[in-house]
>>> print(open('start_24.cif').read())   # mmCIF, C-alpha atoms
data_final
loop_
_atom_site.label_atom_id
_atom_site.label_comp_id
_atom_site.auth_asym_id
_atom_site.auth_seq_id
_atom_site.Cartn_x
_atom_site.Cartn_y
_atom_site.Cartn_z
CA MET A 1 -12.76 -13.74 18.35
CA ALA A 2 -13.61 -10.16 17.46
CA PRO A 3 -17.27 -9.41 16.64
CA PHE A 4 -16.52 -8.54 13.02
CA LEU A 5 -14.75 -11.90 12.59
CA LEU A 6 -17.80 -13.73 13.91
CA GLY A 7 -19.86 -11.83 11.37
CA LEU A 8 -17.43 -12.83 8.63
CA PHE A 9 -17.60 -16.48 9.65
CA PHE A 10 -21.40 -16.68 9.68
CA SER A 11 -21.60 -14.71 6.44
CA LEU A 12 -19.19 -17.13 4.81
CA LEU A 13 -21.29 -20.09 5.92
CA LEU A 14 -24.44 -18.45 4.64
CA PHE A 15 -23.31 -17.00 1.37
CA SER A 16 -20.15 -18.61 0.04
CA SER A 17 -22.17 -20.97 -2.18
CA GLY A 18 -24.23 -18.08 -3.57
CA GLU A 19 -27.35 -18.82 -1.55
CA ALA A 20 -28.36 -19.30 2.08
CA ILE A 21 -27.46 -22.71 3.45
CA ALA A 22 -30.35 -24.86 4.56
CA THR A 23 -30.32 -27.12 7.60
CA THR A 24 -26.81 -28.54 7.81
CA SER A 25 -25.59 -31.70 9.45
CA PRO A 26 -23.02 -31.15 12.21
CA THR A 27 -20.66 -33.40 10.24
CA ALA A 28 -21.08 -31.57 6.94
CA ALA A 29 -17.90 -31.12 4.90
CA PRO A 30 -16.38 -27.63 4.53
CA THR A 31 -17.82 -25.43 1.81
CA ALA A 32 -16.20 -26.03 -1.57
CA ALA A 33 -13.73 -23.30 -2.46
CA PRO A 34 -14.10 -21.19 -5.60
CA PRO A 35 -11.99 -22.31 -8.58
CA LEU A 36 -8.28 -21.69 -8.09
CA SER A 37 -7.53 -18.27 -9.49
CA ALA A 38 -4.69 -15.78 -9.49
CA SER A 39 -7.16 -12.91 -9.51
CA ARG A 40 -7.16 -12.17 -5.80
CA LEU A 41 -5.76 -9.04 -4.24
CA PHE A 42 -5.09 -8.24 -0.59
CA VAL A 43 -3.91 -4.66 0.01
CA LEU A 44 -2.08 -3.47 3.12
CA GLY A 45 -0.74 0.03 3.47
CA ASP A 46 -0.73 3.67 4.50
CA SER A 47 -2.28 6.69 2.77
CA THR A 48 -0.74 5.56 -0.53
CA ALA A 49 -3.06 2.53 -0.43
CA ASN A 50 -6.18 4.14 1.02
CA CYS A 51 -7.39 7.67 1.48
CA ARG A 52 -11.13 7.36 1.41
CA ASP A 53 -12.50 4.65 3.68
CA ASN A 54 -11.82 6.16 7.08
CA SER A 55 -15.25 7.22 8.28
CA ARG A 56 -15.23 4.51 10.93
CA TYR A 57 -11.97 5.86 12.37
CA ALA A 58 -12.10 9.55 11.51
CA THR A 59 -11.90 10.75 15.10
CA LEU A 60 -8.79 8.65 15.76
CA LEU A 61 -6.63 9.51 12.78
CA TRP A 62 -3.45 11.34 13.68
CA LEU A 63 -2.64 12.08 10.08
CA ASN A 64 -4.38 11.92 6.74
CA PHE A 65 -2.26 13.70 4.21
CA SER A 66 -4.22 12.43 1.24
CA LEU A 67 -7.87 12.66 2.23
CA PRO A 68 -8.63 15.43 -0.31
CA SER A 69 -7.46 13.13 -3.13
CA CYS A 70 -10.15 10.58 -2.48
CA SER A 71 -11.72 11.20 -5.88
CA ASN A 72 -8.54 9.80 -7.45
CA ARG A 73 -7.78 6.18 -8.15
CA LEU A 74 -4.73 5.08 -6.23
CA PHE A 75 -1.98 2.73 -7.32
CA SER A 76 -3.65 -0.28 -5.67
CA ASP A 77 -7.00 0.57 -7.29
CA LEU A 78 -5.38 0.57 -10.72
CA ILE A 79 -3.60 -2.73 -10.12
CA ALA A 80 -6.96 -4.19 -9.10
CA GLU A 81 -8.44 -3.01 -12.40
CA LYS A 82 -5.62 -4.68 -14.33
CA MET A 83 -6.43 -7.90 -12.51
CA GLY A 84 -10.06 -7.56 -13.58
CA LEU A 85 -11.23 -6.63 -10.09
CA VAL A 86 -13.11 -3.68 -8.68
CA ARG A 87 -11.59 -1.32 -6.12
CA PRO A 88 -10.77 -3.39 -3.02
CA PRO A 89 -13.30 -2.58 -0.27
CA PRO A 90 -12.19 -2.03 3.33
CA TYR A 91 -12.05 -5.35 5.13
CA TYR A 92 -14.33 -4.26 7.97
CA THR A 93 -17.26 -3.64 5.60
CA LEU A 94 -17.46 -7.36 4.86
CA GLN A 95 -19.18 -8.11 8.16
CA GLY A 96 -22.56 -9.61 7.40
CA SER A 97 -21.96 -9.28 3.66
CA SER A 98 -22.51 -11.89 0.96
CA SER A 99 -19.17 -10.81 -0.50
CA VAL A 100 -17.18 -12.30 2.37
CA GLY A 101 -15.55 -14.67 -0.11
CA THR A 102 -14.62 -11.79 -2.37
CA SER A 103 -11.41 -11.72 -4.36
CA MET A 104 -10.06 -8.54 -2.81
CA TRP A 105 -9.76 -6.79 0.51
CA ASN A 106 -8.09 -3.58 1.60
CA PHE A 107 -6.67 -3.94 5.09
CA GLY A 108 -5.22 -0.43 4.97
CA THR A 109 -8.41 0.99 6.42
CA PRO A 110 -7.55 3.15 8.15
CA GLN A 111 -4.15 3.68 6.66
CA GLY A 112 -1.32 2.59 8.90
CA THR A 113 2.33 3.18 9.60
CA ILE A 114 5.17 0.71 9.90
CA LEU A 115 6.08 1.97 13.36
CA SER A 116 3.73 2.77 16.19
CA SER A 117 4.25 5.96 18.16
CA THR A 118 3.32 7.23 21.58
CA ASN A 119 2.63 10.57 19.92
CA SER A 120 0.30 9.01 17.37
CA PHE A 121 -3.44 8.38 17.52
CA SER A 122 -3.40 6.08 14.52
CA PRO A 123 -5.44 2.92 15.17
CA SER A 124 -3.51 0.99 12.52
CA THR A 125 0.04 -0.26 12.05
CA LEU A 126 1.74 -2.70 9.71
CA SER A 127 1.74 -5.46 12.32
CA ARG A 128 -1.92 -4.89 13.11
CA GLN A 129 -2.88 -5.13 9.46
CA VAL A 130 -0.94 -8.38 9.15
CA ARG A 131 -2.86 -9.71 12.15
CA HIS A 132 -6.14 -8.78 10.46
CA VAL A 133 -5.02 -10.74 7.40
CA ALA A 134 -4.24 -13.77 9.57
CA GLU A 135 -7.64 -13.53 11.24
CA VAL A 136 -9.46 -13.43 7.92
CA ILE A 137 -7.42 -16.39 6.68
CA GLN A 138 -8.59 -18.31 9.75
CA ILE A 139 -12.16 -17.55 8.74
CA LEU A 140 -11.48 -18.88 5.25
CA GLN A 141 -10.04 -22.05 6.77
CA LEU A 142 -13.19 -22.55 8.84
CA GLY A 143 -15.41 -22.07 5.82
CA TYR A 144 -13.47 -23.75 3.04
CA GLY A 145 -11.12 -26.15 4.80
CA ALA A 146 -7.36 -26.01 5.20
CA ILE A 147 -6.39 -27.20 1.71
CA SER A 148 -8.78 -25.00 -0.26
CA SER A 149 -8.12 -21.92 1.84
CA ARG A 150 -4.37 -22.45 1.39
CA GLN A 151 -4.86 -22.50 -2.38
CA MET A 152 -6.93 -19.33 -2.21
CA VAL A 153 -4.30 -17.48 -0.17
CA SER A 154 -1.28 -18.73 -2.08
CA SER A 155 -2.85 -17.69 -5.39
CA ALA A 156 -3.58 -14.15 -4.16
CA LEU A 157 -1.39 -11.12 -4.75
CA PHE A 158 -0.49 -9.36 -1.51
CA LEU A 159 0.35 -5.70 -2.14
CA LEU A 160 2.16 -3.83 0.66
CA SER A 161 2.54 -0.07 0.36
CA PHE A 162 4.10 1.39 3.50
CA GLY A 163 6.76 3.87 4.55
CA THR A 164 5.52 7.17 3.14
CA ASP A 165 3.51 8.13 6.22
CA ASP A 166 6.32 7.03 8.53
CA TYR A 167 8.79 9.38 6.86
CA LEU A 168 6.27 12.22 6.70
CA ARG A 169 5.63 11.85 10.41
CA ILE A 170 9.28 11.67 11.40
CA LEU A 171 10.35 14.55 9.18
CA ARG A 172 7.58 16.72 10.59
CA ARG A 173 8.30 15.81 14.21
CA GLN A 174 11.82 16.84 14.96
CA SER A 175 11.15 16.59 18.70
CA GLU A 176 10.35 12.89 18.35
CA ILE A 177 13.61 12.33 16.49
CA SER A 178 15.67 13.98 19.21
CA SER A 179 13.81 12.38 22.11
CA ASN A 180 13.79 8.80 20.83
CA PRO A 181 17.14 7.37 19.67
CA LYS A 182 15.53 4.69 17.49
CA TYR A 183 13.92 7.41 15.36
CA GLN A 184 17.20 9.14 14.50
CA ARG A 185 17.40 9.52 10.75
CA HIS A 186 20.36 7.27 10.11
CA LYS A 187 18.71 4.50 12.16
CA LEU A 188 15.20 4.88 10.81
CA GLY A 189 15.73 3.19 7.44
CA PRO A 190 17.11 -0.11 8.80
CA LEU A 191 14.42 -0.15 11.48
CA LEU A 192 11.62 0.28 8.94
CA VAL A 193 13.16 -2.35 6.68
CA SER A 194 13.38 -4.89 9.49
CA HIS A 195 9.67 -4.46 10.23
CA MET A 196 8.75 -4.80 6.55
CA VAL A 197 10.79 -7.99 6.20
CA ARG A 198 9.16 -9.39 9.33
CA ALA A 199 5.73 -8.66 7.86
CA VAL A 200 6.60 -10.43 4.59
CA LYS A 201 7.76 -13.47 6.57
CA ASP A 202 4.58 -13.45 8.64
CA LEU A 203 2.46 -13.35 5.50
CA TYR A 204 4.52 -16.17 4.03
CA ASN A 205 3.91 -18.23 7.16
CA ALA A 206 0.19 -17.59 6.63
CA ASP A 207 0.52 -19.17 3.14
CA ALA A 208 1.01 -15.99 1.07
CA ARG A 209 3.27 -16.77 -1.89
CA ARG A 210 2.88 -13.76 -4.19
CA ILE A 211 3.97 -10.58 -2.47
CA ALA A 212 4.65 -7.16 -3.96
CA VAL A 213 6.30 -4.51 -1.79
CA VAL A 214 6.01 -0.90 -2.95
CA GLY A 215 8.80 1.50 -2.07
CA VAL A 216 8.49 5.14 -1.02
CA GLY A 217 8.35 7.90 -3.62
CA PRO A 218 10.56 11.02 -3.74
CA ILE A 219 8.65 13.04 -1.15
CA GLY A 220 11.50 15.55 -1.18
CA CYS A 221 9.95 16.72 -4.47
CA ALA A 222 6.47 17.12 -2.96
CA PRO A 223 4.92 20.62 -2.85
CA SER A 224 5.05 20.78 0.93
CA TYR A 225 8.84 20.69 0.85
CA LEU A 226 9.19 22.86 -2.22
CA GLN A 227 7.23 25.61 -0.45
CA ASP A 228 9.61 25.56 2.52
CA ARG A 229 12.01 28.44 1.96
CA SER A 230 14.50 26.99 4.44
CA SER A 231 14.96 23.87 2.32
CA LYS A 232 18.09 23.27 0.26
CA PHE A 233 17.28 22.17 -3.26
CA ASP A 234 19.24 19.84 -5.50
CA SER A 235 19.66 19.99 -9.30
CA GLN A 236 16.10 18.69 -9.79
CA HIS A 237 14.77 21.38 -7.46
CA CYS A 238 13.90 18.79 -4.82
CA VAL A 239 15.04 18.61 -1.22
CA GLY A 240 18.05 16.36 -1.65
CA GLU A 241 18.45 15.53 2.03
CA VAL A 242 14.92 14.11 2.19
CA ASN A 243 15.23 12.18 -1.05
CA ASP A 244 18.57 10.75 0.05
CA LEU A 245 16.86 9.31 3.13
CA ILE A 246 14.11 7.78 1.00
CA ALA A 247 16.51 6.40 -1.60
CA GLY A 248 18.58 4.80 1.16
CA TYR A 249 15.52 3.14 2.64
CA ASN A 250 14.38 1.82 -0.74
CA ALA A 251 17.83 0.40 -1.49
CA LYS A 252 18.03 -1.35 1.88
CA LEU A 253 14.52 -2.74 1.49
CA GLU A 254 15.17 -4.11 -1.99
CA THR A 255 18.42 -5.73 -0.85
CA ARG A 256 16.70 -7.45 2.07
CA LEU A 257 13.87 -8.65 -0.20
CA GLU A 258 16.44 -10.11 -2.60
CA ARG A 259 17.93 -12.06 0.30
CA LEU A 260 14.47 -13.14 1.38
CA ARG A 261 13.77 -14.60 -2.05
CA SER A 262 16.68 -16.99 -1.60
CA GLU A 263 15.40 -17.94 1.86
CA LEU A 264 11.85 -18.54 0.60
CA PRO A 265 12.37 -20.11 -2.83
CA ASP A 266 8.72 -21.05 -3.34
CA ALA A 267 7.61 -17.43 -2.92
CA GLU A 268 7.47 -14.71 -5.57
CA ILE A 269 8.58 -11.48 -3.87
CA VAL A 270 8.76 -8.32 -5.94
CA PHE A 271 9.93 -4.78 -5.16
CA CYS A 272 8.19 -1.93 -7.02
CA ASP A 273 10.38 1.16 -7.30
CA VAL A 274 7.89 4.01 -7.47
CA TYR A 275 10.71 6.39 -6.49
CA LYS A 276 12.37 5.71 -9.83
CA GLY A 277 9.11 6.14 -11.72
CA ILE A 278 8.04 9.41 -10.14
CA LEU A 279 11.52 10.92 -10.36
CA ASP A 280 11.65 10.05 -14.06
CA ILE A 281 8.35 11.86 -14.58
CA ILE A 282 9.59 14.91 -12.68
CA SER A 283 12.84 14.92 -14.64
CA ASN A 284 11.10 14.54 -18.02
CA PRO A 285 7.64 16.06 -17.64
CA LYS A 286 7.09 16.95 -21.29
CA ILE A 287 7.66 13.37 -22.40
CA TYR A 288 4.74 12.25 -20.25
CA GLY A 289 2.47 15.21 -20.92
CA PHE A 290 2.94 17.12 -17.66
CA GLU A 291 3.25 20.88 -17.39
CA ASN A 292 3.54 21.37 -13.63
CA VAL A 293 5.80 19.31 -11.40
CA ARG A 294 5.88 21.70 -8.44
CA ASP A 295 2.43 22.98 -7.52
CA PRO A 296 -0.43 20.90 -6.13
CA CYS A 297 -3.64 20.70 -8.12
CA CYS A 298 -5.62 20.91 -4.89
CA SER A 299 -4.57 23.45 -2.29
CA VAL A 300 -6.37 21.95 0.71
CA GLY A 301 -4.00 21.71 3.67
CA PRO A 302 -2.50 18.35 4.58
CA LEU A 303 -4.40 18.06 7.84
CA SER A 304 -7.75 19.11 6.43
CA SER A 305 -10.60 16.60 6.18
CA ALA A 306 -12.59 18.82 3.82
CA PRO A 307 -13.06 17.71 0.22
CA CYS A 308 -11.12 19.57 -2.42
CA LYS A 309 -13.25 22.44 -3.73
CA THR A 310 -10.53 24.43 -5.47
CA ALA A 311 -8.96 21.83 -7.73
CA CYS A 312 -7.08 22.93 -10.82
CA VAL A 313 -8.78 22.80 -14.21
CA GLU A 314 -6.37 20.27 -15.70
CA PRO A 315 -5.25 17.83 -13.00
CA HIS A 316 -3.78 15.53 -15.65
CA ARG A 317 -1.14 18.19 -16.29
CA HIS A 318 0.00 18.08 -12.65
CA VAL A 319 2.28 15.56 -10.96
CA TRP A 320 0.97 16.38 -7.48
CA TRP A 321 -2.65 16.41 -6.39
CA ASP A 322 -2.10 17.89 -2.94
CA SER A 323 0.85 18.50 -0.64
CA TYR A 324 2.09 14.91 -0.81
CA SER A 325 -0.13 12.82 -3.09
CA ASN A 326 0.27 12.06 -6.77
CA THR A 327 -2.42 12.76 -9.32
CA GLU A 328 -4.31 9.86 -10.82
CA VAL A 329 -2.43 10.11 -14.12
CA VAL A 330 0.87 9.60 -12.26
CA ASN A 331 -0.60 6.61 -10.44
CA SER A 332 -1.76 5.28 -13.79
CA LEU A 333 1.75 5.48 -15.24
CA LEU A 334 3.18 3.78 -12.16
CA ALA A 335 0.60 1.01 -12.43
CA ASP A 336 1.41 0.50 -16.13
CA TRP A 337 5.14 0.32 -15.43
CA SER A 338 4.55 -2.06 -12.53
CA TRP A 339 2.19 -4.34 -14.39
CA SER A 340 4.29 -5.18 -17.44
CA ASN A 341 7.35 -4.24 -19.43
CA SER A 342 5.45 -3.82 -22.69
CA SER A 343 6.22 -0.07 -22.77
CA GLY A 344 9.93 -0.68 -22.31
CA THR A 345 9.77 0.75 -18.80
CA THR A 346 9.38 -1.43 -15.73
CA ILE A 347 9.78 -0.50 -12.08
CA CYS A 348 9.04 -3.83 -10.40
CA ARG A 349 11.96 -6.16 -9.90
CA PRO A 350 12.75 -8.90 -10.64
CA LYS A 351 9.41 -9.43 -12.41
CA PRO A 352 6.40 -7.28 -13.28
CA LEU A 353 3.16 -7.75 -11.36
CA GLN A 354 1.43 -9.36 -14.31
CA TYR A 355 3.70 -12.34 -13.80
CA LEU A 356 2.68 -12.66 -10.15
CA THR A 357 -1.02 -12.76 -11.02
CA GLY A 358 -0.50 -15.77 -13.25
CA ASN A 359 -0.60 -13.82 -16.51
CA GLU A 360 3.01 -14.60 -17.31
CA LEU A 361 4.98 -12.53 -19.75
CA LYS A 362 7.78 -13.74 -21.94
CA LEU A 363 10.60 -12.28 -19.92
#
>>> encode(input="start_24.cif", output="structure tokens")
Amino acid sequence: MAPFLLGLFFSLLLFSSGEAIATTSPTAAPTAAPPLSASRLFVLGDSTANCRDNSRYATLLWLNFSLPSCSNRLFSDLIAEKMGLVRPPPYYTLQGSSSVGTSMWNFGTPQGTILSSTNSFSPSTLSRQVRHVAEVIQILQLGYGAISSRQMVSSALFLLSFGTDDYLRILRRQSEISSNPKYQRHKLGPLLVSHMVRAVKDLYNADARRIAVVGVGPIGCAPSYLQDRSSKFDSQHCVGEVNDLIAGYNAKLETRLERLRSELPDAEIVFCDVYKGILDIISNPKIYGFENVRDPCCSVGPLSSAPCKTACVEPHRHVWWDSYSNTEVVNSLLADWSWSNSSGTTICRPKPLQYLTGNELKL
């Protein structure tokens, strides 16, 4: 068992009841679980789910497109707030902490990719994050018992936000596409989808029952591509070829998740179409109060680890924070549209996230 897991286990024994445990009989019953609640959030993802908590892995990161935007609240942060939770801390910080039984964890620290790569120094992948989740669930089972830990896990919302960094990597590395047949563009979407579906099944087998999968946004509209003079723009002044790839991936992923819902009838599996939301904002900026849909608010390069020191005066008027990342106000709109359909706009199908957390809407 990894050292940090041992720390989690002993911390859980010491602190899960709110105080240090006195001398305990070897036959003592498992610690009583907290009251059953839907307000639990486990986050897995890439730079769209975490851009700040990478100090432990800074020397290993192959890519961190969004590090300058760390002052912004991300989509997962805003969903946590709607659930009445604080920003999910990175899972590795829970070692030796009294908050080991906390209601939220971010396993996307450092941010990962769906696929591993021989040309990548990323210490995290989708499958590795799922393994970390399974390990932590084992710790909960040791501390709370099988039945209580199963209730805790099944009542949690698992939020998966992957794919963006995979496409950014592949689109930037033409040599990798040509040298590895499985990374050819027309094969990449189905390959990514198969890994995502496998991850959802693995989480289900670990007792997860409320799973939200976030799609990839229209990165063909991101400033990095708009500044490329060799790009061919569509009617929305985005790189149509890139967006077509993303749209195809999202469609395949949603279709496979629909099929998975029929295979796992006791699970609530939702697809959140952030592509639709962001593209609607870009197409109708004035309606949502935006003035600039092309230029980044922060001009720090995508591979820079320096904080943003030249941010625009009015970031809330911009769609893009840096070369690839949305501003907080965009994330806020996406979170609102994902959480409920009260505004008449919803991007999560077949149900909004509020339903998955137990706060059911009249649908």
>>> residues_around(input="start_24.cif", residues="Asn250 of chain A", least_positions_apart="4", cutoff="9 Å", atoms="all atoms listed in the file", output="number ranges by chain")
A: 189, 193, 215-216, 245-246, 254-255, 273, 275
>>> resolve_selection(input="start_24.cif", expression="the PyMOL selection byres ((chain A and resi 124) around 8)", output="JSON, numbers by chain")
{"A": [108, 109, 110, 111, 112, 113, 122, 123, 125, 126, 128, 129]}
>>> resolve_selection(input="start_24.cif", expression="the PyMOL selection byres ((chain A and resi 225) around 12)", output="ChimeraX atom specification")
/A:168,171-172,218-224,226-233,237-243,294-296,322-324
>>> axis_aligned_box(input="start_24.cif", around="segment 144-158 of chain A", padding_each_side="4 Å", output="lines of an AutoDock Vina configuration file")
center_x = -7.0
center_y = -18.3
center_z = -0.1
size_x = 21.0
size_y = 25.8
size_z = 18.6
>>> residues_around(input="start_24.cif", residues="segment 75-92 of chain A", least_positions_apart="2", cutoff="6 Å", atoms="all atoms listed in the file", output="list in words")
Ser39, Ala49, Arg73, Leu94, Met104, Trp105, Asn106, Phe107, Thr109, Asn331 and Ala335 of chain A
>>> closest_residue(input="start_24.cif", among="A:Pro265, A:Pro315, A:Gly248, A:Gly277", to="Val329 of chain A", atoms="only C-alpha atoms")
A:Pro315
>>> closest_residue(input="start_24.cif", among="A:Val270, A:Val293, A:Leu157, A:Cys298", to="Arg317 of chain A", atoms="only C-alpha atoms")
A:Val293
>>> residues_around(input="start_24.cif", residues="Gln141 of chain A", least_positions_apart="6", cutoff="8 Å", atoms="all atoms listed in the file", output="PyMOL selection string")
chain A and resi 148-150
>>> closest_residue(input="start_24.cif", among="A:Ile347, A:Ile281, A:Leu334, A:Val197", to="Val319 of chain A", atoms="all atoms listed in the file")
A:Ile281
>>> resolve_selection(input="start_24.cif", expression="the PyMOL selection byres ((chain A and resi 261) around 12)", output="ChimeraX atom specification")
/A:197,200-201,204,209-212,254-260,262-271,349-350
>>> closest_residue(input="start_24.cif", among="A:Val214, A:Val274, A:Arg131, A:Ser299", to="Leu253 of chain A", atoms="only C-alpha atoms")
A:Val214
>>> atom_distance(input="start_24.cif", atom1="atom CA of Thr48 of chain A", atom2="atom CA of Asp202 of chain A")
21.8 Å
>>> atom_distance(input="start_24.cif", atom1="atom CA of Leu188 of chain A", atom2="atom CA of Tyr167 of chain A")
8.8 Å
>>> atom_distance(input="start_24.cif", atom1="atom CA of Cys348 of chain A", atom2="atom CA of Val43 of chain A")
16.6 Å
